[in-house]
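Chemist: Take a look at my_file12.cif, mmCIF, C-alpha atoms:
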```
data_upload
#
loop_
_atom_site.label_atom_id
_atom_site.label_comp_id
_atom_site.auth_asym_id
_atom_site.auth_seq_id
_atom_site.Cartn_x
_atom_site.Cartn_y
_atom_site.Cartn_z
CA MET A 1 -17.21 250.40 38.15
CA LEU A 2 -13.63 249.17 37.95
CA GLU A 3 -11.91 249.31 41.33
CA ALA A 4 -8.11 249.46 41.11
CA THR A 5 -7.76 246.80 43.82
CA SER A 6 -8.15 243.07 44.21
CA ALA A 7 -11.57 241.55 44.94
CA PRO A 8 -12.98 241.84 48.50
CA LYS A 9 -11.68 239.34 51.04
CA ASN A 10 -14.53 239.64 53.55
CA THR A 11 -12.48 241.98 55.72
CA THR A 12 -12.87 245.52 56.96
CA GLU A 13 -10.62 247.05 54.31
CA TYR A 14 -11.65 250.47 53.02
CA VAL A 15 -12.67 249.47 49.50
CA ASP A 16 -14.61 246.44 50.75
CA GLN A 17 -16.82 248.68 52.88
CA VAL A 18 -17.54 251.08 50.02
CA ILE A 19 -18.60 248.17 47.82
CA GLU A 20 -20.66 246.42 50.47
CA TYR A 21 -22.85 249.48 51.09
CA ALA A 22 -23.05 250.74 47.50
CA PRO A 23 -26.48 250.99 45.80
CA PRO A 24 -27.56 247.65 44.27
CA ASN A 25 -27.49 249.02 40.72
CA PHE A 26 -23.71 249.60 40.94
CA GLU A 27 -21.74 246.69 39.49
CA PHE A 28 -18.10 246.42 40.54
CA ARG A 29 -15.15 244.78 38.82
CA PHE A 30 -11.61 244.55 40.09
CA LEU A 31 -8.36 245.39 38.37
CA ASN A 32 -6.38 242.69 36.61
CA ALA A 33 -4.73 242.22 33.21
CA ARG A 34 -8.12 241.48 31.60
CA THR A 35 -10.42 244.02 33.22
CA ALA A 36 -7.94 246.89 32.74
CA PHE A 37 -8.91 247.06 29.06
CA GLN A 38 -12.66 246.45 29.34
CA ARG A 39 -15.24 249.19 28.84
CA VAL A 40 -16.47 250.57 32.18
CA ASP A 41 -18.24 253.74 33.33
CA VAL A 42 -15.83 254.57 36.17
CA PHE A 43 -12.21 253.65 36.98
CA HIS A 44 -11.71 254.19 40.72
CA VAL A 45 -8.10 254.45 41.93
CA HIS A 46 -6.93 254.33 45.56
CA TRP A 47 -3.16 253.75 45.78
CA PRO A 48 -1.79 254.31 42.25
CA GLU A 49 1.72 253.24 43.20
CA LEU A 50 0.40 249.73 43.82
CA ILE A 51 -0.88 249.57 40.24
CA VAL A 52 2.46 250.36 38.65
CA ARG A 53 4.98 248.99 41.17
CA GLY A 54 6.35 245.61 40.13
CA ARG A 55 8.71 243.10 41.72
CA ASN A 56 11.64 244.57 39.80
CA ARG A 57 12.50 247.57 37.62
CA PHE A 58 11.58 245.81 34.35
CA GLU A 59 8.14 244.76 35.60
CA THR A 60 7.53 248.26 36.98
CA ILE A 61 8.25 249.85 33.60
CA LEU A 62 5.92 247.37 31.86
CA ARG A 63 3.16 248.17 34.36
CA CYS A 64 3.65 251.91 33.84
CA LEU A 65 3.35 251.50 30.08
CA GLY A 66 0.33 249.20 30.46
CA LEU A 67 -1.42 251.84 32.57
CA GLN A 68 -0.89 254.42 29.84
CA VAL A 69 -2.51 252.12 27.26
CA ALA A 70 -5.45 251.53 29.61
CA LEU A 71 -5.82 255.28 30.24
CA TYR A 72 -5.80 255.99 26.51
CA LEU A 73 -8.62 253.49 25.94
CA MET A 74 -10.57 254.87 28.89
CA ARG A 75 -10.32 258.43 27.61
CA ALA A 76 -11.39 257.32 24.13
CA ARG A 77 -14.40 255.46 25.55
CA GLY A 78 -15.47 258.22 27.93
CA THR A 79 -14.64 256.34 31.14
CA ALA A 80 -14.68 258.61 34.19
CA ILE A 81 -11.55 258.41 36.33
CA VAL A 82 -11.95 258.93 40.08
CA ARG A 83 -9.07 258.93 42.51
CA THR A 84 -9.42 258.68 46.29
CA LEU A 85 -6.51 260.47 47.91
CA HIS A 86 -5.43 258.28 50.82
CA ASN A 87 -1.99 259.91 51.08
CA LEU A 88 -0.55 263.12 49.69
CA GLU A 89 2.53 261.20 48.48
CA PRO A 90 3.41 257.48 48.34
CA HIS A 91 4.97 256.36 51.62
CA GLU A 92 7.72 254.53 49.77
CA PRO A 93 9.01 256.47 46.73
CA GLY A 94 9.47 254.55 43.52
CA ILE A 95 11.52 254.98 40.37
CA ALA A 96 11.09 257.85 37.91
CA ALA A 97 8.81 255.76 35.67
CA GLU A 98 6.33 255.39 38.56
CA ARG A 99 6.25 259.12 39.20
CA TRP A 100 5.71 259.76 35.48
CA ALA A 101 2.87 257.21 35.26
CA ILE A 102 1.14 258.58 38.35
CA SER A 103 1.42 262.15 37.06
CA ARG A 104 -0.25 261.03 33.81
CA LEU A 105 -3.02 259.39 35.83
CA ASP A 106 -3.51 262.56 37.86
CA ALA A 107 -3.79 264.61 34.67
CA ALA A 108 -6.49 262.26 33.37
CA THR A 109 -8.49 262.22 36.62
CA ASP A 110 -12.00 263.68 36.39
CA LEU A 111 -12.79 263.80 40.09
CA LEU A 112 -10.59 263.69 43.19
CA VAL A 113 -11.93 262.48 46.54
CA THR A 114 -10.19 263.29 49.81
CA ILE A 115 -11.09 261.36 52.95
CA ASN A 116 -9.61 264.11 55.08
CA PRO A 117 -11.02 267.62 55.64
CA ILE A 118 -7.44 268.94 55.44
CA ARG A 119 -7.19 268.95 51.67
CA GLY A 120 -3.64 270.26 51.41
CA PRO A 121 -2.96 271.37 47.83
CA HIS A 122 -6.14 269.72 46.56
CA GLU A 123 -8.80 272.31 47.32
CA GLU A 124 -10.85 271.11 44.33
CA ALA A 125 -11.31 267.65 45.85
CA ILE A 126 -14.65 266.38 47.16
CA TYR A 127 -14.51 265.47 50.87
CA ILE A 128 -15.94 262.08 51.87
CA PRO A 129 -14.96 261.13 55.44
CA HIS A 130 -13.25 257.84 56.21
CA GLY A 131 -15.80 255.47 57.72
CA HIS A 132 -15.58 253.94 61.19
CA TYR A 133 -15.56 250.20 61.87
CA ARG A 134 -17.94 249.85 64.78
CA GLY A 135 -20.47 247.75 62.89
CA SER A 136 -17.78 245.46 61.49
CA TYR A 137 -16.32 244.78 64.94
CA GLU A 138 -19.55 244.30 66.89
CA ALA A 139 -19.52 240.51 66.62
CA HIS A 140 -16.01 240.10 68.07
CA LYS A 141 -15.06 239.76 71.70
CA LYS A 142 -13.37 242.83 73.17
CA PRO A 143 -11.18 241.99 76.17
CA GLU A 144 -10.49 244.53 78.88
CA PRO A 145 -7.31 246.60 78.43
CA ILE A 146 -4.16 245.33 80.12
CA GLU A 147 -2.77 247.98 82.44
CA GLY A 148 0.42 249.46 81.06
CA ARG A 149 0.23 247.83 77.64
CA ILE A 150 1.40 250.04 74.78
CA ALA A 151 0.60 248.52 71.39
CA PHE A 152 1.28 248.97 67.69
CA ALA A 153 -0.76 247.23 64.99
CA GLY A 154 -0.76 247.24 61.20
CA LEU A 155 1.68 246.80 58.36
CA ILE A 156 5.19 247.24 59.75
CA ARG A 157 7.20 249.34 57.33
CA PRO A 158 10.20 251.68 57.81
CA TYR A 159 8.13 254.85 57.50
CA LYS A 160 5.88 253.77 60.38
CA GLY A 161 8.59 254.33 63.00
CA VAL A 162 8.40 251.02 64.90
CA GLU A 163 12.14 251.09 65.61
CA ARG A 164 11.76 254.51 67.25
CA LEU A 165 8.80 253.18 69.24
CA ILE A 166 10.94 250.34 70.62
CA THR A 167 13.75 252.73 71.57
CA ALA A 168 11.33 255.20 73.18
CA PHE A 169 9.56 252.42 75.09
CA GLN A 170 12.82 251.07 76.47
CA GLY A 171 13.62 254.47 77.97
CA ALA A 172 10.16 255.16 79.42
CA GLU A 173 10.03 255.51 83.22
CA THR A 174 6.38 254.70 83.93
CA PRO A 175 6.32 251.48 86.02
CA GLY A 176 4.61 248.39 84.65
CA LEU A 177 4.70 249.22 80.95
CA SER A 178 4.81 246.53 78.25
CA LEU A 179 4.98 246.78 74.46
CA ARG A 180 3.03 244.64 72.00
CA VAL A 181 3.84 244.83 68.26
CA VAL A 182 1.51 243.04 65.83
CA GLY A 183 1.37 243.06 62.05
CA LYS A 184 3.23 242.05 58.91
CA PRO A 185 6.83 243.36 58.87
CA THR A 186 9.57 243.57 56.29
CA ASP A 187 12.25 240.91 56.80
CA ALA A 188 14.69 243.44 58.25
CA LEU A 189 12.17 244.88 60.71
CA ARG A 190 11.13 241.40 61.80
CA VAL A 191 14.73 240.72 62.85
CA THR A 192 14.91 244.06 64.67
CA ILE A 193 11.70 243.40 66.60
CA GLU A 194 12.65 239.81 67.44
CA ASP A 195 16.05 240.95 68.74
CA ALA A 196 14.37 243.56 70.93
CA ALA A 197 11.87 241.02 72.27
CA ASN A 198 14.64 238.52 73.05
CA ALA A 199 16.55 241.20 74.96
CA ASP A 200 13.56 242.64 76.83
CA PRO A 201 10.79 240.34 78.15
CA ARG A 202 8.39 243.30 78.32
CA ILE A 203 8.29 243.34 74.50
CA THR A 204 6.18 240.76 72.65
CA ALA A 205 5.19 240.45 68.99
CA CYS A 206 2.82 238.62 66.68
CA PHE A 207 3.71 238.68 62.99
CA GLY A 208 1.47 238.30 59.95
CA TYR A 209 -1.92 239.49 58.77
CA LEU A 210 -4.51 239.33 61.54
CA SER A 211 -8.11 238.21 61.22
CA ASP A 212 -10.66 240.79 62.30
CA GLU A 213 -11.25 238.77 65.46
CA ASP A 214 -7.56 238.78 66.42
CA PHE A 215 -7.17 242.43 65.43
CA VAL A 216 -10.05 243.46 67.68
CA ALA A 217 -8.58 241.44 70.55
CA GLU A 218 -5.13 243.01 70.15
CA ILE A 219 -6.42 246.58 69.98
CA SER A 220 -8.85 246.14 72.84
CA SER A 221 -6.12 244.70 75.08
CA ALA A 222 -4.03 247.87 74.85
CA GLU A 223 -4.22 250.66 77.41
CA LEU A 224 -2.73 252.97 74.78
CA MET A 225 -2.16 252.47 71.06
CA CYS A 226 0.93 254.14 69.63
CA LEU A 227 1.19 254.91 65.90
CA PRO A 228 4.60 256.59 65.57
CA TYR A 229 4.39 257.30 61.83
CA ASP A 230 6.71 259.92 60.34
CA ASP A 231 3.67 261.73 58.97
CA VAL A 232 -0.05 261.09 59.26
CA TYR A 233 -2.47 262.29 56.60
CA ASN A 234 -4.96 259.42 56.81
CA SER A 235 -4.80 256.31 58.95
CA GLY A 236 -7.30 253.48 58.73
CA VAL A 237 -5.67 251.92 61.80
CA LEU A 238 -6.33 255.07 63.83
CA LEU A 239 -10.01 254.96 62.81
CA ALA A 240 -10.07 251.27 63.81
CA VAL A 241 -8.53 252.12 67.20
CA LEU A 242 -11.14 254.82 67.81
CA SER A 243 -13.90 252.47 66.65
CA LEU A 244 -12.82 250.14 69.47
CA ASP A 245 -12.82 252.98 72.03
CA ARG A 246 -9.10 252.94 72.70
CA PRO A 247 -6.94 256.08 73.09
CA ALA A 248 -3.99 256.59 70.75
CA LEU A 249 -0.66 258.41 70.67
CA VAL A 250 0.11 259.88 67.23
CA LYS A 251 2.24 262.59 65.69
CA GLU A 252 0.60 266.01 65.73
CA THR A 253 -0.33 267.10 62.22
CA PRO A 254 -3.19 269.25 60.91
CA SER A 255 -5.04 266.03 60.07
CA THR A 256 -4.66 264.36 63.47
CA ARG A 257 -5.47 267.61 65.25
CA ALA A 258 -8.70 267.96 63.25
CA LEU A 259 -9.64 264.36 64.08
CA ALA A 260 -8.91 264.92 67.77
CA ASP A 261 -11.21 267.93 67.79
CA GLU A 262 -13.90 265.83 66.12
CA VAL A 263 -13.82 262.78 68.39
CA GLY A 264 -13.58 264.66 71.68
CA PRO A 265 -11.00 265.11 74.47
CA GLY A 266 -8.83 262.32 75.77
CA TRP A 267 -8.93 259.98 72.79
CA ILE A 268 -5.97 261.23 70.75
CA HIS A 269 -2.67 262.22 72.37
CA PHE A 270 0.19 263.87 70.52
CA PHE A 271 3.93 263.93 70.13
CA SER A 272 5.88 266.30 67.89
CA GLY A 273 9.16 265.78 66.13
CA GLU A 274 10.57 262.32 66.77
CA LEU A 275 8.86 260.06 69.32
CA ASN A 276 10.79 259.78 72.58
CA SER A 277 10.44 258.21 76.01
CA GLU A 278 8.96 261.34 77.59
CA ASP A 279 6.17 261.30 75.00
CA ILE A 280 5.16 257.80 76.07
CA ASP A 281 5.27 258.64 79.78
CA ARG A 282 3.26 261.82 79.23
CA ALA A 283 0.67 260.10 77.02
CA ILE A 284 0.03 257.21 79.40
CA ARG A 285 -0.38 259.68 82.29
CA SER A 286 -2.75 261.81 80.24
CA ALA A 287 -4.77 258.82 79.05
CA ARG A 288 -5.24 257.71 82.64
CA ALA A 289 -6.07 261.17 83.98
CA THR A 290 -8.31 262.60 81.25
CA ARG A 291 -12.05 262.16 81.63
CA ARG A 292 -13.27 260.79 78.30
CA ALA A 293 -16.76 260.48 76.90
CA GLY A 294 -18.09 256.93 76.79
CA ARG A 295 -17.10 256.61 73.13
CA PRO A 296 -15.28 258.78 70.60
CA CYS A 297 -17.66 260.91 68.53
CA LEU A 298 -17.68 259.38 65.04
CA GLU A 299 -20.95 260.79 63.78
CA GLY A 300 -21.27 260.96 60.02
CA ARG A 301 -18.71 258.21 59.49
CA ASP A 302 -21.00 255.21 59.04
CA TRP A 303 -20.26 253.33 55.84
CA GLN A 304 -23.76 253.63 54.41
CA ARG A 305 -23.40 257.39 54.36
CA VAL A 306 -19.88 257.10 52.94
CA ALA A 307 -21.06 254.75 50.17
CA ASP A 308 -23.99 257.02 49.31
CA GLN A 309 -21.59 259.95 48.94
CA TYR A 310 -19.38 257.83 46.70
CA ALA A 311 -22.37 256.97 44.53
CA ASP A 312 -23.02 260.69 44.06
CA ALA A 313 -19.33 261.27 43.32
CA PHE A 314 -19.29 258.53 40.67
CA ILE A 315 -22.32 260.05 38.95
CA GLU A 316 -20.72 263.50 39.01
CA ALA A 317 -17.49 262.05 37.56
CA ILE A 318 -19.43 260.44 34.72
CA ARG A 319 -21.06 263.80 33.98
CA ARG A 320 -17.66 265.51 33.90
CA ALA A 321 -16.17 262.80 31.67
CA ARG A 322 -19.01 263.14 29.18
CA GLN A 323 -18.68 266.90 29.22
CA ARG A 324 -14.96 266.58 28.57
CA ARG A 325 -15.53 264.17 25.70
CA ARG A 326 -18.06 266.49 24.07
CA ALA A 327 -15.58 269.36 24.36
CA VAL A 328 -12.93 267.28 22.57
CA TRP A 329 -15.31 266.46 19.71
CA ARG A 330 -16.31 270.12 19.32
CA ARG A 331 -12.65 271.11 18.91
CA ARG A 332 -12.15 268.61 16.08
#
```
In structure tokens, write the structure found in this file.
Modeler:
Amino acid sequence: MLEATSAPKNTTEYVDQVIEYAPPNFEFRFLNARTAFQRVDVFHVHWPELIVRGRNRFETILRCLGLQVALYLMRARGTAIVRTLHNLEPHEPGIAAERWAISRLDAATDLLVTINPIRGPHEEAIYIPHGHYRGSYEAHKKPEPIEGRIAFAGLIRPYKGVERLITAFQGAETPGLSLRVVGKPTDALRVTIEDAANADPRITACFGYLSDEDFVAEISSAELMCLPYDDVYNSGVLLAVLSLDRPALVKETPSTRALADEVGPGWIHFFSGELNSEDIDRAIRSARATRRAGRPCLEGRDWQRVADQYADAFIEAIRRARQRRRAVWRRR
């Protein structure tokens, strides 16, 4: 199996969990300039834009062309191509060459996996739920929540709405609120957050990638997590928040509504449109007033079950690839 990611880093990242719990007879390699052209049974893609997006336009075009060569060799060798659909569209659109390369990859894909029951336009996809992180976080200390703390955690990018969160927080009327922002920002957003923190002592930040231990501590310390993304199809951070038994405020979408119904009342709170101060006030009141079950219901989301379903999906993709190859030979 060739995973279109870097090698595991002993973290709780999605691909790392799939690999850790995979059957022992599955051998995994990881994408680089050498392995891209080796013979493998399955090529498993997660975020295709990360394969083709370079540091500049020239490097991006070279990567797009290199992917086409690799796909040609894979098709000739009968490699099955599996794509896990983490997002319906890339969060940050690229140049035309990227869109062309990804469309070619999609056309060559033998099996599509969605980690969301809301399949959107991909009704043919196989559904494998996103796993929870309870087992991964068990060893780490979980402090008690700090009353009034609203928190954001994860990569800090423009599409994630952190600037709107800061503005909404500053206008909230609930007494005793504070805002904690943690994660790796772009340079511009780092300046924005630092300026806000310097102007308002209720706002604090911690920049950079967090260890699992620090991540667990930050999430657990929040009374309410706020993920003000423009659109939410899948969110590993939201699953991490629920794994740590913290309530969250997110934009209402078909996907987040389905997850809220699954995990039970009181764990996921919604805003619509653009996040504003009233949304924060309403969510913190609701989180305090709603009687929640002891833990969110995350049945069926343990990683062993997820990995077993992936093993079945890989085998099915190999069958489809072989069937496709036989059909090509019959037409010749």
Chemist: Can you tell me how far atom CA of Asp302 of chain A sits from atom CA of His46 of chain A, in Å to one decimal?
Modeler: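 Distance between the two atoms: 19.5 Å.
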Chemist: Quick check on the file I pasted: which residues fall under the PyMOL selection byres ((chain A and resi 163) around 8)? Write them as a list in words.
Modeler: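 So the PyMOL selection byres ((chain A and resi 163) around 8) ends up selecting Gly161, Val162, Arg164, Leu165, Ile166, Thr167, Leu189, Thr192 and Ile193 of chain A.
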Chemist: Applying the PyMOL selection byres ((chain A and resi 114-118) around 8) to the file I just gave you, which residues come out? Please list them as a ChimeraX atom specification.
Modeler: /A:84-86,112-113,119-120,125-130,233-234,254-255,258
Chemist: From the options A:Leu298, A:Ile150, A:Ala36, A:Leu50, which residue's atoms come nearest to Gly66 of chain A, counting only C-alpha atoms?
Modeler: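 For Gly66 of chain A, the nearest of the given residues is A:Ala36.
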Chemist: Can you spell out as a list in words the set of residues that the PyMOL selection byres ((chain A and resi 2) around 9) selects in the structure I just provided?
Modeler: Met1, Glu3, Ala4, Thr5, Glu27, Phe28, Arg29, Phe30, Leu31, Thr35, Ala36, Val40, Asp41, Val42, Phe43, His44 and Val45 of chain A
Chemist: Taking all atoms listed in the file into account, which of A:His140, A:Arg246, A:Lys184, A:Arg257 comes nearest Ala217 of chain A?
Modeler: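 Going through A:His140, A:Arg246, A:Lys184, A:Arg257 one by one, the smallest distance to Ala217 of chain A is for A:His140.
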Chemist: Rank nothing, just name the residue among A:Pro296, A:Leu242, A:Ile19, A:Ile268 nearest to Tyr137 of chain A, using all atoms listed in the file.
Modeler: A:Leu242
Chemist: Restricting the calculation to only C-alpha atoms: of A:Ala293, A:Ala260, A:Leu111, A:Ala283, which residue gets closest to Leu224 of chain A?
Modeler: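 Going through A:Ala293, A:Ala260, A:Leu111, A:Ala283 one by one, the smallest distance to Leu224 of chain A is for A:Ala283.
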Chemist: Please indicate the distance in Å from atom CA of Ser103 of chain A to atom CA of Glu49 of chain A, rounded to one decimal place.
Modeler: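 Straight-line distance from atom CA of Ser103 of chain A to atom CA of Glu49 of chain A works out to 10.8 Å.
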Chemist: Would you list the contacts of Gly135 of chain A as a ChimeraX atom specification, taking every protein, DNA or RNA residue within 10 Å and counting only C-alpha atoms, but skipping same-chain residues closer than 5 positions in sequence?
Modeler: /A:12,243,302-303
Chemist: Quick one, how far is atom CA of Ala289 of chain A from atom CA of Val263 of chain A?
Modeler: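 Value for the atom CA of Ala289 of chain A-atom CA of Val263 of chain A distance: 17.5 Å.
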Chemist: Rank A:Met225, A:Tyr72, A:Ile280, A:Trp267 by their smallest atom-to-atom distance to Gly171 of chain A, using only C-alpha atoms, and report the top residue only.
Modeler: A:Ile280
Chemist: Of the residues A:Ile102, A:Gly78, A:Pro23, A:Arg55, which is the one nearest to Arg39 of chain A, using all atoms listed in the file?
Modeler: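 The answer is A:Gly78, which sits nearest to Arg39 of chain A.
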Chemist: Need the shell around segment 271-276 of chain A: protein/DNA/RNA residues with any atom at most 7 Å away, counting only C-alpha atoms. Skip same-chain ones fewer than 6 positions apart. Format as a list in words?
Modeler: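 The residues that qualify are Arg164, Leu165, Ala168, Pro228, Val250, Lys251 and Glu252 of chain A.
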Chemist: Would you output segment 234-270 of chain A from that structure, restricted to C-alpha atoms, as an mmCIF file, in the first residue's frame?
Modeler:
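Wrote part_17.cif, looks like this:
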```cif
data_model
loop_
_atom_site.group_PDB
_atom_site.id
_atom_site.type_symbol
_atom_site.label_atom_id
_atom_site.label_comp_id
_atom_site.auth_asym_id
_atom_site.auth_seq_id
_atom_site.Cartn_x
_atom_site.Cartn_y
_atom_site.Cartn_z
ATOM 1 C CA ASN A 234 -15.325 16.743 8.029
ATOM 2 C CA SER A 235 -13.336 17.949 11.016
ATOM 3 C CA GLY A 236 -10.762 15.851 12.816
ATOM 4 C CA VAL A 237 -10.515 18.579 15.458
ATOM 5 C CA LEU A 238 -14.240 18.298 16.185
ATOM 6 C CA LEU A 239 -13.866 14.530 16.661
ATOM 7 C CA ALA A 240 -10.910 15.209 18.976
ATOM 8 C CA VAL A 241 -12.991 17.692 20.987
ATOM 9 C CA LEU A 242 -15.810 15.167 21.361
ATOM 10 C CA SER A 243 -13.298 12.451 22.257
ATOM 11 C CA LEU A 244 -12.269 14.662 25.190
ATOM 12 C CA ASP A 245 -15.899 15.209 26.258
ATOM 13 C CA ARG A 246 -15.988 18.924 25.542
ATOM 14 C CA PRO A 247 -18.930 20.725 23.886
ATOM 15 C CA ALA A 248 -18.335 22.644 20.654
ATOM 16 C CA LEU A 249 -19.845 25.531 18.698
ATOM 17 C CA VAL A 250 -19.763 24.936 14.929
ATOM 18 C CA LYS A 251 -21.536 26.116 11.811
ATOM 19 C CA GLU A 252 -24.739 24.223 11.088
ATOM 20 C CA THR A 253 -24.350 22.047 7.997
ATOM 21 C CA PRO A 254 -25.892 18.696 7.050
ATOM 22 C CA SER A 255 -22.680 17.034 8.252
ATOM 23 C CA THR A 256 -22.521 18.720 11.656
ATOM 24 C CA ARG A 257 -26.238 18.202 12.188
ATOM 25 C CA ALA A 258 -25.874 14.474 11.477
ATOM 26 C CA LEU A 259 -22.961 14.266 13.931
ATOM 27 C CA ALA A 260 -24.932 16.128 16.593
ATOM 28 C CA ASP A 261 -27.784 13.653 16.242
ATOM 29 C CA GLU A 262 -25.294 10.803 16.585
ATOM 30 C CA VAL A 263 -23.416 11.978 19.684
ATOM 31 C CA GLY A 264 -26.456 13.104 21.663
ATOM 32 C CA PRO A 265 -27.901 16.403 22.942
ATOM 33 C CA GLY A 266 -25.790 19.181 24.379
ATOM 34 C CA TRP A 267 -22.447 18.337 22.799
ATOM 35 C CA ILE A 268 -22.650 20.282 19.535
ATOM 36 C CA HIS A 269 -24.083 23.811 19.362
ATOM 37 C CA PHE A 270 -24.734 25.681 16.141
#
```
